[in-house]
Each structure stands twice: as structure tokens, then as C-alpha cells.
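> upload11.txt (compact mmCIF, C-alpha atoms and all ligand atoms) pasted underneath:
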```
# COMPACT_ATOMS: atom_id res chain seq x y z
CA MET A 28 0.00 0.00 0.00
CA ALA A 29 1.34 3.44 -0.91
CA GLN A 30 1.98 5.97 1.84
CA ILE A 31 1.92 9.71 1.27
CA LEU A 32 3.39 12.17 3.75
CA ILE A 33 1.65 15.47 4.34
CA VAL A 34 3.92 18.11 5.87
CA SER A 35 2.17 21.30 6.99
CA GLU A 36 3.69 24.78 7.07
CA ALA A 37 4.03 24.51 10.87
CA ALA A 38 5.73 21.12 10.58
CA CYS A 39 8.16 22.51 7.97
CA ALA A 40 9.16 25.30 10.34
CA GLN A 41 9.86 22.73 13.06
CA ALA A 42 11.68 20.36 10.74
CA VAL A 43 14.00 22.55 8.64
CA SER A 44 16.62 24.78 10.25
CA ALA A 45 18.58 27.44 8.36
CA ALA A 46 21.67 25.23 8.72
CA ALA A 47 19.94 22.20 7.20
CA ALA A 48 18.61 24.36 4.34
CA PHE A 49 22.14 25.68 3.74
CA ASP A 50 23.52 22.14 3.34
CA ALA A 51 20.66 21.04 1.07
CA VAL A 52 20.92 24.11 -1.19
CA ARG A 53 24.74 23.96 -1.33
CA ASP A 54 24.58 20.31 -2.38
CA VAL A 55 21.97 20.82 -5.07
CA PHE A 56 23.86 23.83 -6.53
CA ALA A 57 26.91 21.56 -6.70
CA ALA A 58 24.90 18.82 -8.42
CA MET A 59 23.49 21.33 -10.94
CA ALA A 60 26.98 22.57 -11.84
CA SER A 61 28.31 19.05 -12.35
CA GLY A 62 25.38 18.10 -14.61
CA LYS A 63 23.82 15.63 -12.14
CA ALA A 64 20.75 17.78 -11.53
CA ARG A 65 18.66 19.91 -13.85
CA ASN A 66 15.71 22.24 -13.64
CA PHE A 67 12.92 21.98 -16.17
CA PRO A 68 11.45 25.01 -17.97
CA VAL A 69 9.41 27.19 -15.63
CA VAL A 70 5.71 27.68 -16.31
CA ARG A 71 4.28 30.98 -15.03
CA GLU A 72 0.90 32.28 -16.18
CA ALA A 73 -1.50 35.07 -15.29
CA LEU A 74 -4.77 33.27 -14.52
CA GLY A 75 -7.00 36.18 -15.47
CA TYR A 76 -8.81 35.44 -12.17
CA GLN A 77 -8.24 37.12 -8.78
CA ASP A 78 -5.25 38.87 -10.49
CA ALA A 79 -3.34 35.68 -9.66
CA LEU A 80 -0.03 34.49 -11.09
CA TYR A 81 0.29 30.72 -11.07
CA GLY A 82 3.00 28.32 -12.17
CA PHE A 83 5.31 25.34 -11.72
CA LYS A 84 9.00 24.97 -11.01
CA SER A 85 10.31 21.42 -11.28
CA GLY A 86 13.50 19.43 -11.64
CA PHE A 87 15.35 16.16 -11.11
CA ASP A 88 18.47 15.62 -9.03
CA ALA A 89 20.10 12.29 -9.83
CA ALA A 90 22.70 12.79 -7.09
CA ALA A 91 20.09 12.77 -4.27
CA PRO A 92 18.03 11.30 -6.06
CA ALA A 93 15.01 13.63 -5.91
CA LEU A 94 12.13 14.43 -8.24
CA GLY A 95 9.41 16.98 -7.65
CA VAL A 96 7.56 20.14 -8.50
CA LYS A 97 6.65 23.35 -6.67
CA SER A 98 3.25 24.60 -7.70
CA GLY A 99 1.86 27.93 -6.65
CA GLY A 100 2.10 31.64 -7.18
CA PHE A 101 0.86 35.02 -6.07
CA TRP A 102 -2.71 35.99 -5.08
CA PRO A 103 -2.65 39.75 -4.36
CA GLY A 104 -6.05 39.71 -2.62
CA ASN A 105 -5.01 37.15 0.00
CA MET A 106 -3.78 39.67 2.57
CA ALA A 107 -7.35 40.98 2.98
CA LYS A 108 -8.41 37.40 3.72
CA GLY A 109 -5.74 37.02 6.42
CA LEU A 110 -3.59 34.82 4.17
CA THR A 111 -0.10 35.19 2.71
CA ASN A 112 -0.14 36.48 -0.88
CA HIS A 113 2.49 33.94 -1.99
CA GLN A 114 1.12 30.40 -1.79
CA SER A 115 2.91 27.25 -2.83
CA THR A 116 3.03 23.49 -2.27
CA ILE A 117 5.86 21.11 -3.13
CA PHE A 118 5.09 17.63 -4.46
CA LEU A 119 7.80 14.97 -4.12
CA PHE A 120 7.74 11.85 -6.27
CA ASP A 121 9.61 8.55 -5.95
CA PRO A 122 12.30 8.89 -8.66
CA ASP A 123 12.25 5.10 -9.17
CA THR A 124 8.51 4.71 -9.74
CA GLY A 125 6.96 8.16 -10.22
CA GLN A 126 4.61 7.57 -7.28
CA LEU A 127 3.63 10.55 -5.13
CA GLN A 128 5.69 10.53 -1.90
CA ALA A 129 4.89 13.78 -0.13
CA LEU A 130 2.91 17.01 -0.17
CA VAL A 131 4.95 19.70 1.57
CA GLY A 132 3.91 23.27 2.41
CA GLY A 133 6.06 25.62 0.31
CA ASN A 134 5.72 29.05 1.94
CA TYR A 135 8.22 28.73 4.82
CA LEU A 136 10.48 26.59 2.65
CA THR A 137 10.61 29.26 -0.09
CA ALA A 138 11.90 31.80 2.43
CA ILE A 139 14.41 29.44 4.05
CA ARG A 140 15.77 28.13 0.73
CA THR A 141 16.11 31.66 -0.70
CA ALA A 142 18.02 32.74 2.40
CA ALA A 143 20.14 29.59 2.11
CA ALA A 144 21.08 30.55 -1.47
CA SER A 145 22.43 33.97 -0.53
CA SER A 146 24.19 32.55 2.52
CA VAL A 147 25.85 29.86 0.36
CA SER A 148 27.07 32.71 -1.87
CA ILE A 149 28.40 34.61 1.17
CA ALA A 150 30.13 31.50 2.48
CA HIS A 151 31.92 30.95 -0.84
CA LEU A 152 32.45 34.48 -2.17
CA ALA A 153 32.55 37.10 0.59
CA ARG A 154 35.86 38.24 2.05
CA LYS A 155 36.72 36.34 5.22
CA ASP A 156 37.13 39.66 7.07
CA ALA A 157 33.65 41.01 6.13
CA ARG A 158 32.25 42.83 9.20
CA VAL A 159 29.35 45.04 8.02
CA LEU A 160 26.22 43.56 6.46
CA GLY A 161 24.03 45.82 4.31
CA MET A 162 20.36 44.96 3.85
CA VAL A 163 18.38 46.55 1.00
CA GLY A 164 14.78 45.52 1.60
CA ALA A 165 12.75 44.87 4.74
CA GLY A 166 9.83 42.67 3.64
CA HIS A 167 8.90 39.09 4.46
CA GLN A 168 12.07 37.50 3.03
CA SER A 169 14.47 39.98 4.63
CA THR A 170 14.46 38.57 8.16
CA PHE A 171 15.20 35.06 6.85
CA GLN A 172 18.02 36.55 4.75
CA LEU A 173 19.51 38.37 7.73
CA ARG A 174 19.42 35.32 10.02
CA ALA A 175 21.07 33.06 7.40
CA ALA A 176 23.73 35.62 6.44
CA VAL A 177 25.02 36.29 9.95
CA ALA A 178 25.94 32.62 10.35
CA GLN A 179 28.54 32.93 7.56
CA ARG A 180 30.87 35.71 8.74
CA GLN A 181 31.69 37.50 12.00
CA PHE A 182 29.46 40.48 11.28
CA GLU A 183 29.66 43.31 13.80
CA LYS A 184 26.96 45.61 12.43
CA VAL A 185 23.91 45.70 10.13
CA VAL A 186 23.13 48.77 8.00
CA ALA A 187 19.80 48.85 6.18
CA TRP A 188 17.71 50.81 3.73
CA ASN A 189 14.17 50.22 2.50
CA PRO A 190 11.94 52.27 0.18
CA HIS A 191 9.27 52.05 2.88
CA PRO A 192 11.18 53.07 6.05
CA ASP A 193 8.28 52.06 8.33
CA MET A 194 9.17 48.42 7.55
CA LEU A 195 12.73 48.71 8.93
CA PRO A 196 12.03 48.28 12.68
CA LYS A 197 10.95 44.66 12.13
CA LEU A 198 14.36 43.93 10.56
CA GLY A 199 16.07 45.93 13.31
CA ALA A 200 14.36 43.76 15.94
CA VAL A 201 15.86 40.64 14.35
CA ALA A 202 19.32 42.25 14.30
CA ALA A 203 18.89 43.08 18.01
CA GLU A 204 17.84 39.51 18.71
CA LEU A 205 21.05 38.39 16.95
CA GLY A 206 23.07 40.81 19.10
CA LEU A 207 24.02 43.12 16.24
CA PRO A 208 23.87 46.94 16.19
CA PHE A 209 21.42 48.11 13.50
CA GLU A 210 21.54 51.42 11.66
CA ALA A 211 19.05 52.77 9.10
CA VAL A 212 21.11 54.59 6.46
CA ASN A 213 20.75 56.08 2.98
CA ARG A 214 21.77 53.97 -0.02
CA GLU A 215 25.13 55.67 -0.65
CA ASP A 216 26.10 55.26 2.97
CA LEU A 217 25.01 51.62 2.86
CA GLY A 218 27.37 51.03 -0.09
CA ALA A 219 30.20 52.89 1.66
CA GLN A 220 29.88 50.86 4.87
CA ALA A 221 28.87 47.36 3.81
CA ASP A 222 31.27 44.51 3.04
CA VAL A 223 28.37 42.24 2.12
CA ILE A 224 25.06 43.48 0.69
CA ILE A 225 21.81 41.59 0.21
CA THR A 226 19.11 43.11 -1.99
CA ILE A 227 15.67 41.59 -1.44
CA THR A 228 12.99 43.93 -2.78
CA SER A 229 10.25 43.95 -5.43
CA ALA A 230 11.96 46.81 -7.29
CA PHE A 231 11.70 47.49 -11.02
CA GLU A 232 14.56 50.00 -11.08
CA PRO A 233 18.17 50.11 -9.91
CA LEU A 234 18.38 50.85 -6.20
CA MET A 235 22.15 50.47 -5.77
CA MET A 236 24.50 52.25 -8.20
CA ARG A 237 27.89 50.97 -9.28
CA ASP A 238 29.82 53.96 -7.87
CA TRP A 239 28.39 53.42 -4.39
CA ILE A 240 29.84 49.89 -4.08
CA LYS A 241 33.33 49.72 -2.60
CA PRO A 242 36.05 47.33 -3.81
CA GLY A 243 35.93 43.88 -2.22
CA THR A 244 32.17 43.91 -1.63
CA HIS A 245 30.07 40.79 -2.12
CA ILE A 246 26.50 41.55 -3.20
CA ALA A 247 23.71 38.97 -3.35
CA CYS A 248 20.85 40.20 -5.55
CA MET A 249 17.89 38.09 -4.45
CA GLY A 250 14.75 40.06 -5.33
CA THR A 251 14.82 39.92 -9.12
CA ASP A 252 13.09 36.71 -10.18
CA THR A 253 10.90 37.94 -13.05
CA ARG A 254 11.38 39.72 -16.36
CA GLY A 255 11.39 43.49 -15.78
CA LYS A 256 12.38 43.43 -12.11
CA GLN A 257 15.69 45.11 -11.23
CA GLU A 258 17.62 46.02 -8.07
CA VAL A 259 21.07 47.22 -9.12
CA ASP A 260 22.83 49.30 -11.76
CA PRO A 261 23.69 47.11 -14.80
CA ALA A 262 27.17 48.73 -14.72
CA LEU A 263 27.72 46.95 -11.41
CA LEU A 264 27.44 43.59 -13.14
CA ALA A 265 30.00 44.74 -15.70
CA ALA A 266 32.36 45.72 -12.86
CA ALA A 267 31.81 42.55 -10.83
CA THR A 268 32.58 38.85 -11.18
CA VAL A 269 29.07 37.46 -11.60
CA PHE A 270 27.80 34.15 -10.19
CA THR A 271 24.31 32.68 -10.21
CA ASP A 272 22.25 29.64 -9.32
CA GLU A 273 21.40 28.93 -12.98
CA VAL A 274 22.71 30.90 -15.94
CA ALA A 275 19.60 30.32 -18.12
CA GLN A 276 17.43 32.01 -15.46
CA SER A 277 19.97 34.70 -14.61
CA ILE A 278 20.00 36.09 -18.16
CA THR A 279 16.22 35.96 -18.66
CA ILE A 280 14.50 36.60 -15.32
CA GLY A 281 17.41 37.40 -13.00
CA GLU A 282 19.35 40.56 -12.24
CA ALA A 283 21.69 39.89 -15.20
CA GLN A 284 18.83 40.32 -17.71
CA HIS A 285 19.48 44.09 -17.88
CA ALA A 286 23.28 43.95 -18.28
CA ILE A 287 22.79 41.25 -20.94
CA ALA A 288 20.15 43.31 -22.80
CA GLN A 289 22.46 46.34 -22.77
CA GLY A 290 25.39 44.26 -24.05
CA LEU A 291 27.47 45.00 -20.92
CA ILE A 292 28.14 41.33 -20.20
CA THR A 293 27.65 38.01 -21.99
CA ALA A 294 26.17 34.78 -20.63
CA ASP A 295 29.56 33.03 -20.67
CA GLN A 296 30.85 35.60 -18.15
CA ILE A 297 28.34 34.30 -15.58
CA THR A 298 29.45 31.33 -13.45
CA PRO A 299 27.17 28.86 -11.67
CA ILE A 300 27.94 29.07 -7.93
CA GLY A 301 28.06 25.27 -7.95
CA ALA A 302 31.34 25.47 -9.89
CA VAL A 303 32.87 27.35 -6.94
CA ILE A 304 31.42 24.81 -4.48
CA ASN A 305 32.85 21.96 -6.61
CA GLY A 306 36.23 23.68 -6.85
CA THR A 307 36.21 23.99 -10.64
CA HIS A 308 36.08 27.82 -10.42
CA PRO A 309 38.28 29.73 -7.93
CA GLY A 310 35.49 32.14 -6.90
CA ARG A 311 36.90 35.36 -5.41
CA THR A 312 40.56 35.82 -6.39
CA SER A 313 41.43 39.09 -4.61
CA ASP A 314 40.33 41.26 -1.69
CA SER A 315 39.49 44.13 -4.05
CA GLU A 316 37.27 42.14 -6.43
CA ILE A 317 33.53 42.80 -6.36
CA THR A 318 31.57 39.54 -6.45
CA LEU A 319 27.86 39.47 -7.30
CA PHE A 320 25.49 36.54 -6.84
CA ASP A 321 22.32 36.64 -8.96
CA GLY A 322 19.90 34.45 -7.00
CA THR A 323 16.94 33.74 -9.25
CA GLY A 324 15.40 30.81 -7.36
CA VAL A 325 15.21 27.35 -8.95
CA GLY A 326 12.80 24.46 -8.45
CA LEU A 327 15.60 22.14 -7.33
CA GLN A 328 16.17 24.34 -4.27
CA ASP A 329 12.54 23.79 -3.29
CA ILE A 330 12.78 20.06 -3.88
CA ALA A 331 16.03 19.85 -1.89
CA VAL A 332 14.56 21.51 1.22
CA ALA A 333 11.24 19.67 0.84
CA ARG A 334 13.15 16.37 1.06
CA VAL A 335 14.72 17.53 4.31
CA ALA A 336 11.28 18.64 5.57
CA ALA A 337 9.65 15.29 4.74
CA GLU A 338 12.42 13.25 6.34
CA GLN A 339 12.78 15.37 9.49
CA ALA A 340 9.02 15.83 9.96
CA GLN A 341 8.62 12.06 9.86
CA ASN A 342 11.47 11.62 12.38
CA LEU A 343 9.91 14.23 14.68
CA GLY A 344 6.44 12.68 14.34
CA VAL A 345 4.95 15.92 12.96
CA ALA A 346 4.10 14.65 9.45
CA GLN A 347 0.70 13.20 8.68
CA ILE A 348 0.78 9.86 6.90
CA VAL A 349 -2.01 8.92 4.50
CA THR A 350 -2.17 5.30 3.41
CA LEU A 351 -3.75 4.67 0.04
CA GLY A 352 -5.45 1.31 -0.39
P1 LIG A 401 7.43 41.69 0.49
O1 LIG A 401 6.22 42.12 -0.28
O2 LIG A 401 7.25 41.15 1.85
O3 LIG A 401 8.46 42.92 0.59
C1 LIG A 401 8.75 43.67 -0.56
C2 LIG A 401 10.00 44.49 -0.36
O4 LIG A 401 10.23 45.26 -1.54
C3 LIG A 401 9.90 45.50 0.76
O5 LIG A 401 11.22 45.77 1.21
C4 LIG A 401 9.28 46.71 0.06
O6 LIG A 401 9.55 47.92 0.75
C5 LIG A 401 10.02 46.66 -1.26
N1 LIG A 401 9.28 47.21 -2.39
C6 LIG A 401 7.97 47.07 -2.68
N2 LIG A 401 7.67 47.70 -3.83
C7 LIG A 401 8.83 48.25 -4.28
C8 LIG A 401 9.19 49.03 -5.40
N3 LIG A 401 8.28 49.37 -6.34
N4 LIG A 401 10.48 49.42 -5.54
C9 LIG A 401 11.40 49.08 -4.62
N5 LIG A 401 11.12 48.32 -3.54
C10 LIG A 401 9.86 47.93 -3.37
O7 LIG A 401 8.18 40.65 -0.46
P2 LIG A 401 9.20 39.52 -0.05
O8 LIG A 401 8.46 38.23 0.15
O9 LIG A 401 10.11 40.00 1.00
O10 LIG A 401 10.00 39.34 -1.44
C11 LIG A 401 10.91 40.33 -1.87
C12 LIG A 401 11.34 40.05 -3.29
O11 LIG A 401 12.03 38.78 -3.34
C13 LIG A 401 10.18 39.90 -4.28
O12 LIG A 401 10.54 40.55 -5.48
C14 LIG A 401 10.08 38.40 -4.51
O13 LIG A 401 9.52 38.07 -5.75
C15 LIG A 401 11.53 38.02 -4.43
N6 LIG A 401 11.80 36.60 -4.13
C16 LIG A 401 12.87 36.04 -4.76
C17 LIG A 401 13.16 34.71 -4.51
C18 LIG A 401 14.36 34.08 -5.17
O14 LIG A 401 14.52 32.86 -5.09
N7 LIG A 401 15.23 34.84 -5.80
C19 LIG A 401 12.38 33.96 -3.63
C20 LIG A 401 11.32 34.59 -2.97
C21 LIG A 401 11.04 35.93 -3.22
```
Taking this structure as input, can you express it in the form of C-alpha cells?
Ligand code: NAD

Amino acid sequence: MAQILIVSEAACAQAVSAAAAFDAVRDVFAAMASGKARNFPVVREALGYQDALYGFKSGFDAAAPALGVKSGGFWPGNMAKGLTNHQSTIFLFDPDTGQLQALVGGNYLTAIRTAAASSVSIAHLARKDARVLGMVGAGHQSTFQLRAAVAQRQFEKVVAWNPHPDMLPKLGAVAAELGLPFEAVNREDLGAQADVIITITSAFEPLMMRDWIKPGTHIACMGTDTRGKQEVDPALLAAATVFTDEVAQSITIGEAQHAIAQGLITADQITPIGAVINGTHPGRTSDSEITLFDGTGVGLQDIAVARVAAEQAQNLGVAQIVTLG
């Protein structure tokens, strides 16, 4: 008889720590770069109903092995109903038989796997002596980003800017909880102070200009995951060594789309972060180099953390098990 695990949002939060998400995302980025894992083309459609955007992100990782799909999207009217606007569920299938294995809540996991991606980039690309973390953005994802980033370097201070300043105290409270001084600054000051910068906004225009970024900075651009979105000056990508989760997404829906469209960089100048993890690319080669990670978000990240969620939730006894006759 087939058994299906159901792992709720609450169970996911109990089952998957930032550290476990880091390991899962690092390993799947490595598998992608060595050709053992691949993402399938993303489907994303406007439903023409409730103003909703709906789609699928899927992939197969032969190294794990893991097969699955994240299905969901964005329902802008949800907030008024007391629900999160982003809604998603991850389906895991048995790679040997195709049978459904688990239904896993995708909202918490999306935040934790996105934070894991930027923290993997910090671990592999930021200067070892990075001390000031700059946060551009203060929405839902930002607190997850901050928590994951501080585990990677001995940060002594957080500087932050957000287009809606009233959102900053929530981020400041997390910094305080982590024992870090927090300062709201303007964007130029943020660039002048920060050794590592994370951008995590819904912007459609450059928020950080090339001239504001000091030599040796690592910047993780995490907000741009759709055509038209943008967070930084395209000239910054031309000045930086650019890394990404997946090049095909980086040049079409990621931050690199603008530098590519303007002919400032070419796709072969963008390196999958997995190559650095695998040791086939040196990553940062000097203390004055600017490194930029274009985190676009791939289905295999979702599948990787959903596997951890299913396994750990079962171990903790917080997964529901449905037996099909
Ligand atoms: P949120 O709605 O909670 O917060 C949005 C943030 O963007 C806030 O800081 C807000 O002040 C700012 N913002 C809103 N409109 C803006 C505008 N027009 N210009 C500049 N800034 C603006 O969203 P969130 O869940 O924190 O997500 C932030 C971004 O990250 C979104 O663009 C989302 O699509 C993206 N995201 C990326 C990934 C990935 O894997 N790369 C994963 C999840 C979310």
C-alpha cells in the first residue's frame, strides 16, 4: 500500500533549520553545476482570475536522487483574507517509480531556501574579514536573509535601507535579537559601509549604483526573479565577477537580464555558484574584487529543502501519513 506524507507549514518550520537548508541548497547547486541535476522550464501564467499568477518549477536531481515540483504563485487579494499572498506546495515523487511521496507546504520553505542561497554565496564568495552587512529591503524575506547571512561571517553591524522606512524596525528587531547593532542609512552610505550586501525587494529599477559599491564587496541580488524586475545598476554587473544559481534564469528573469540586454556582459561571463562549491572555479581571487550573486530561485532548491522537511518531519512525528489502499 502506498503511503503519502503530508507536511504542513508549521511542521516545515519545526523540521528545517537554516543550517539544514544551507547544506541542502549547497549540495543541489553543486549537483546542478556538475550536470547531475537539472531544472525543467518554468511555467508561469496570469490566470485572469483574482489577479493571480500561477506556475510550476520542477526538476530532477540524480545525485540525491530527488524528483518533484513546486506549484503555486501570487494571489494579491489574500492579505485581505488574512492569508499570505504567496502560496505554494511542493510535491515529491519517488524517482524510481513516479509515485507521489509527499505534499509539503512551500511558503516557509521558499523563504528558508532563498536565504540559504544567498548565505551559500556569502560562504563561498565574501571576504573572510567582512564585518558590516548591508540589507536593501525589509519585507517578508528579509528577516530570513539576515538570520542566514550572519551565520557565515563575523558580522559586527547591520546597516539597512528600505523604500518604505516604516518596515525597517521589524528587521532591526531581528538584528537586536542576533546581538548586532542596526543602523538605518541612505543607499550611498550603505554602499560605503557594507562589506556584504543583500538586496531583497520587489523593485523594477536600480536601487544600488555601481559607484556606491566599494572594492571587495560581495553583493547577493535576491529580489529579481521575473522579467522586468531590477535592483542594481547594470554597470555593477560589468564591474563585478558574476555568479548565479542557474545561468539560463539569470539572463532571462534574474538581475543579469538588464546587463545582458544592454550588451554589458555576456552569458559566458556568468558562473554557476556550484562550480565554486565543486572547486572547478576559484570564486573570489582578490580582496578588491567585487563579487555578485544573482539568485533567481530554482525548483531544485525547493525540492532539496522539501526532502529535508519530509524526512525530518517524519522523524519528529509531525508529518501526517495517509495510506492509500
Ligand atoms: P514583500 O512584499 O514582503 O516585501 C517587498 C519588499 O520590496 C519590501 O522591502 C518593500 O519595501 C520593497 N518594495 C515594494 N515595492 C517596491 C518598489 N516598487 N520598488 C522598490 N522596492 C519595493 O516581499 P518579499 O516576500 O520579502 O520578497 C521580496 C522580493 O524577493 C520579491 O521581489 C520576490 O519576488 C523576491 N523573491 C525572490 C526569490 C528568489 O529565489 N530569488 C524567492 C522569494 C522571493
> Take the point (29.1, 39.2, -14.1) in the file's coordinates, draw a sphere of radius 7 Å around it, and report as a PDB file with C-alpha atoms, in the frame of the given file every protein, DNA or RNA residue with an atom inside or on it, counting all atoms listed in the file.

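Written file, selection.pdb:
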```pdb
ATOM      1  CA  LEU A 264      27.440  43.590 -13.140  1.00  0.00           C
ATOM      2  CA  ALA A 265      30.000  44.740 -15.700  1.00  0.00           C
ATOM      3  CA  ALA A 267      31.810  42.550 -10.830  1.00  0.00           C
ATOM      4  CA  THR A 268      32.580  38.850 -11.180  1.00  0.00           C
ATOM      5  CA  VAL A 269      29.070  37.460 -11.600  1.00  0.00           C
ATOM      6  CA  PHE A 270      27.800  34.150 -10.190  1.00  0.00           C
ATOM      7  CA  ILE A 292      28.140  41.330 -20.200  1.00  0.00           C
ATOM      8  CA  GLN A 296      30.850  35.600 -18.150  1.00  0.00           C
ATOM      9  CA  ILE A 297      28.340  34.300 -15.580  1.00  0.00           C
ATOM     10  CA  LEU A 319      27.860  39.470  -7.300  1.00  0.00           C
TER      11      LEU A 319
END
```
> Which one is closest to Pro242 of chain A: A:Val163, A:Ala153, A:Ala175, A:Ala129? Count only C-alpha atoms.
A:Ala153
> Find the residue from A:Pro261, A:Gly206, A:Gly310, A:Gly133 that sits nearest to ligand LIG 401 (chain A); use only C-alpha atoms and all ligand atoms when measuring.
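Checking each candidate against ligand LIG 401 (chain A), we get A:Gly133 as the closest.
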> Work out how far atom CA of Thr312 of chain A is from atom CA of Arg65 of chain A, in Å to one decimal.
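Result for atom CA of Arg65 of chain A versus atom CA of Thr312 of chain A: 28.1 Å, one decimal.
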> Find the spatial neighbours of segment 36-42 of chain A, counting all atoms listed in the file, within a cut-off of 9 Å - ignore same-chain residues fewer than 2 positions away - and output them as a list in words.
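Answer for this query is Val34, Ser44, Val131, Gly132, Gly133, Asn134, Tyr135, Leu136, Ala333, Val335, Ala336, Ala337, Glu338, Gln339, Ala340, Gln341, Asn342, Leu343, Val345 and Ala346 of chain A.
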> Excluding same-chain residues fewer than 2 positions from Ala93 of chain A, what lies within 9 Å of it counting all atoms listed in the file, as a ChimeraX atom specification?
/A:86-91,95,119-122,327,330-331,334
> With only C-alpha atoms as the counted atoms, please give the residues lying no more than 10 Å from Thr293 of chain A, apart from itself and same-chain residues fewer than 4 positions off, as a PDB file with C-alpha atoms, keeping the file's coordinate frame.

```pdb
ATOM      1  CA  ALA A 265      30.000  44.740 -15.700  1.00  0.00           C
ATOM      2  CA  ILE A 278      20.000  36.090 -18.160  1.00  0.00           C
ATOM      3  CA  ALA A 283      21.690  39.890 -15.200  1.00  0.00           C
ATOM      4  CA  ALA A 286      23.280  43.950 -18.280  1.00  0.00           C
ATOM      5  CA  ILE A 287      22.790  41.250 -20.940  1.00  0.00           C
ATOM      6  CA  ALA A 288      20.150  43.310 -22.800  1.00  0.00           C
ATOM      7  CA  GLN A 289      22.460  46.340 -22.770  1.00  0.00           C
ATOM      8  CA  ILE A 297      28.340  34.300 -15.580  1.00  0.00           C
TER       9      ILE A 297
END
```
> Quick one: contact table of chain A to ligand LIG 401 (chain A), 9 Å max, nearest atom pair and distance in Å to one decimal per residue, counting all atoms listed in the file, chain and number order, as a Markdown table?

```
| residue | atom | partner | partner_atom | distance |
| --- | --- | --- | --- | --- |
| A:Asn112 | CA | A:LIG401 | O1 | 8.5 |
| A:His113 | CA | A:LIG401 | O8 | 7.7 |
| A:Thr137 | CA | A:LIG401 | C20 | 6.1 |
| A:Ala138 | CA | A:LIG401 | C20 | 6.1 |
| A:Arg140 | CA | A:LIG401 | O14 | 7.6 |
| A:Thr141 | CA | A:LIG401 | O14 | 4.8 |
| A:Ala142 | CA | A:LIG401 | O14 | 8.3 |
| A:Ala144 | CA | A:LIG401 | O14 | 7.8 |
| A:Ser145 | CA | A:LIG401 | N7 | 9.0 |
| A:Val163 | CA | A:LIG401 | O5 | 7.2 |
| A:Gly164 | CA | A:LIG401 | O5 | 3.6 |
| A:Ala165 | CA | A:LIG401 | O5 | 4.0 |
| A:Gly166 | CA | A:LIG401 | O3 | 3.4 |
| A:His167 | CA | A:LIG401 | O2 | 3.7 |
| A:Gln168 | CA | A:LIG401 | O9 | 3.8 |
| A:Ser169 | CA | A:LIG401 | O9 | 5.7 |
| A:Thr170 | CA | A:LIG401 | O9 | 8.5 |
| A:Trp188 | CA | A:LIG401 | O5 | 8.6 |
| A:Asn189 | CA | A:LIG401 | O6 | 5.4 |
| A:Pro190 | CA | A:LIG401 | O6 | 5.0 |
| A:His191 | CA | A:LIG401 | O6 | 4.7 |
| A:Pro192 | CA | A:LIG401 | O6 | 7.6 |
| A:Asp193 | CA | A:LIG401 | O6 | 8.7 |
| A:Met194 | CA | A:LIG401 | O6 | 6.8 |
| A:Leu195 | CA | A:LIG401 | O5 | 8.4 |
| A:Thr226 | CA | A:LIG401 | O11 | 8.4 |
| A:Ile227 | CA | A:LIG401 | C11 | 4.9 |
| A:Thr228 | CA | A:LIG401 | O4 | 3.3 |
| A:Ser229 | CA | A:LIG401 | O12 | 3.4 |
| A:Ala230 | CA | A:LIG401 | N4 | 3.5 |
| A:Phe231 | CA | A:LIG401 | N4 | 5.9 |
| A:Glu232 | CA | A:LIG401 | N4 | 6.9 |
| A:Pro233 | CA | A:LIG401 | C9 | 8.7 |
| A:Leu234 | CA | A:LIG401 | C9 | 7.4 |
| A:Cys248 | CA | A:LIG401 | N7 | 7.8 |
| A:Met249 | CA | A:LIG401 | N7 | 4.4 |
| A:Gly250 | CA | A:LIG401 | O11 | 3.6 |
| A:Thr251 | CA | A:LIG401 | O12 | 5.7 |
| A:Asp252 | CA | A:LIG401 | N7 | 5.2 |
| A:Thr253 | CA | A:LIG401 | O13 | 7.4 |
| A:Lys256 | CA | A:LIG401 | O12 | 7.5 |
| A:Gln257 | CA | A:LIG401 | C9 | 8.8 |
| A:Glu258 | CA | A:LIG401 | C9 | 7.7 |
| A:Gly281 | CA | A:LIG401 | N7 | 7.9 |
| A:Asp321 | CA | A:LIG401 | N7 | 8.0 |
| A:Gly322 | CA | A:LIG401 | N7 | 4.8 |
| A:Thr323 | CA | A:LIG401 | N7 | 4.0 |
| A:Gly324 | CA | A:LIG401 | O14 | 3.2 |
| A:Val325 | CA | A:LIG401 | O14 | 6.8 |
| A:Gln328 | CA | A:LIG401 | O14 | 8.7 |
```
> What does the distance from atom CA of Phe49 of chain A to atom CA of Ser146 of chain A come to in Å, to one decimal?
7.3 Å
> Measuring atom to atom with all atoms listed in the file, identify which of A:Gly352, A:Gly99, A:Gly161, A:Gly306 is nearest to Glu72 of chain A.
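Residue with the minimum atom-to-atom distance to Glu72 of chain A: A:Gly99.
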> Please, what distance in Å, to one decimal, runs between atom CA of Gly255 of chain A and atom CA of Ala176 of chain A?
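Rounded to one decimal, the two atoms are 26.6 Å apart.
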> For Asp54 of chain A, which residue among A:Val147, A:Val186, A:Ala79, A:Val70 is the nearest when counting all atoms listed in the file?
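Nearest to Asp54 of chain A: A:Val147.
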> Ala48 of chain A: which residues within 7 Å, counting all atoms listed in the file, same-chain residues fewer than 2 positions away excluded, as a count of residues only?
11
> Find the residues around Phe209 of chain A up to 7 Å (only C-alpha atoms counted), leave out those fewer than 3 positions away in its own chain, and share them as a PyMOL selection string.
chain A and resi 184-186+199+202
> Would you mind exporting C-alpha atoms of the selected residues as a short mmCIF file (atom, residue, chain, number, x, y, z; two decimals), in the frame of the given file?

```
data_model
loop_
_atom_site.label_atom_id
_atom_site.label_comp_id
_atom_site.auth_asym_id
_atom_site.auth_seq_id
_atom_site.Cartn_x
_atom_site.Cartn_y
_atom_site.Cartn_z
CA LYS A 184 26.96 45.61 12.43
CA VAL A 185 23.91 45.70 10.13
CA VAL A 186 23.13 48.77 8.00
CA GLY A 199 16.07 45.93 13.31
CA ALA A 202 19.32 42.25 14.30
#
```
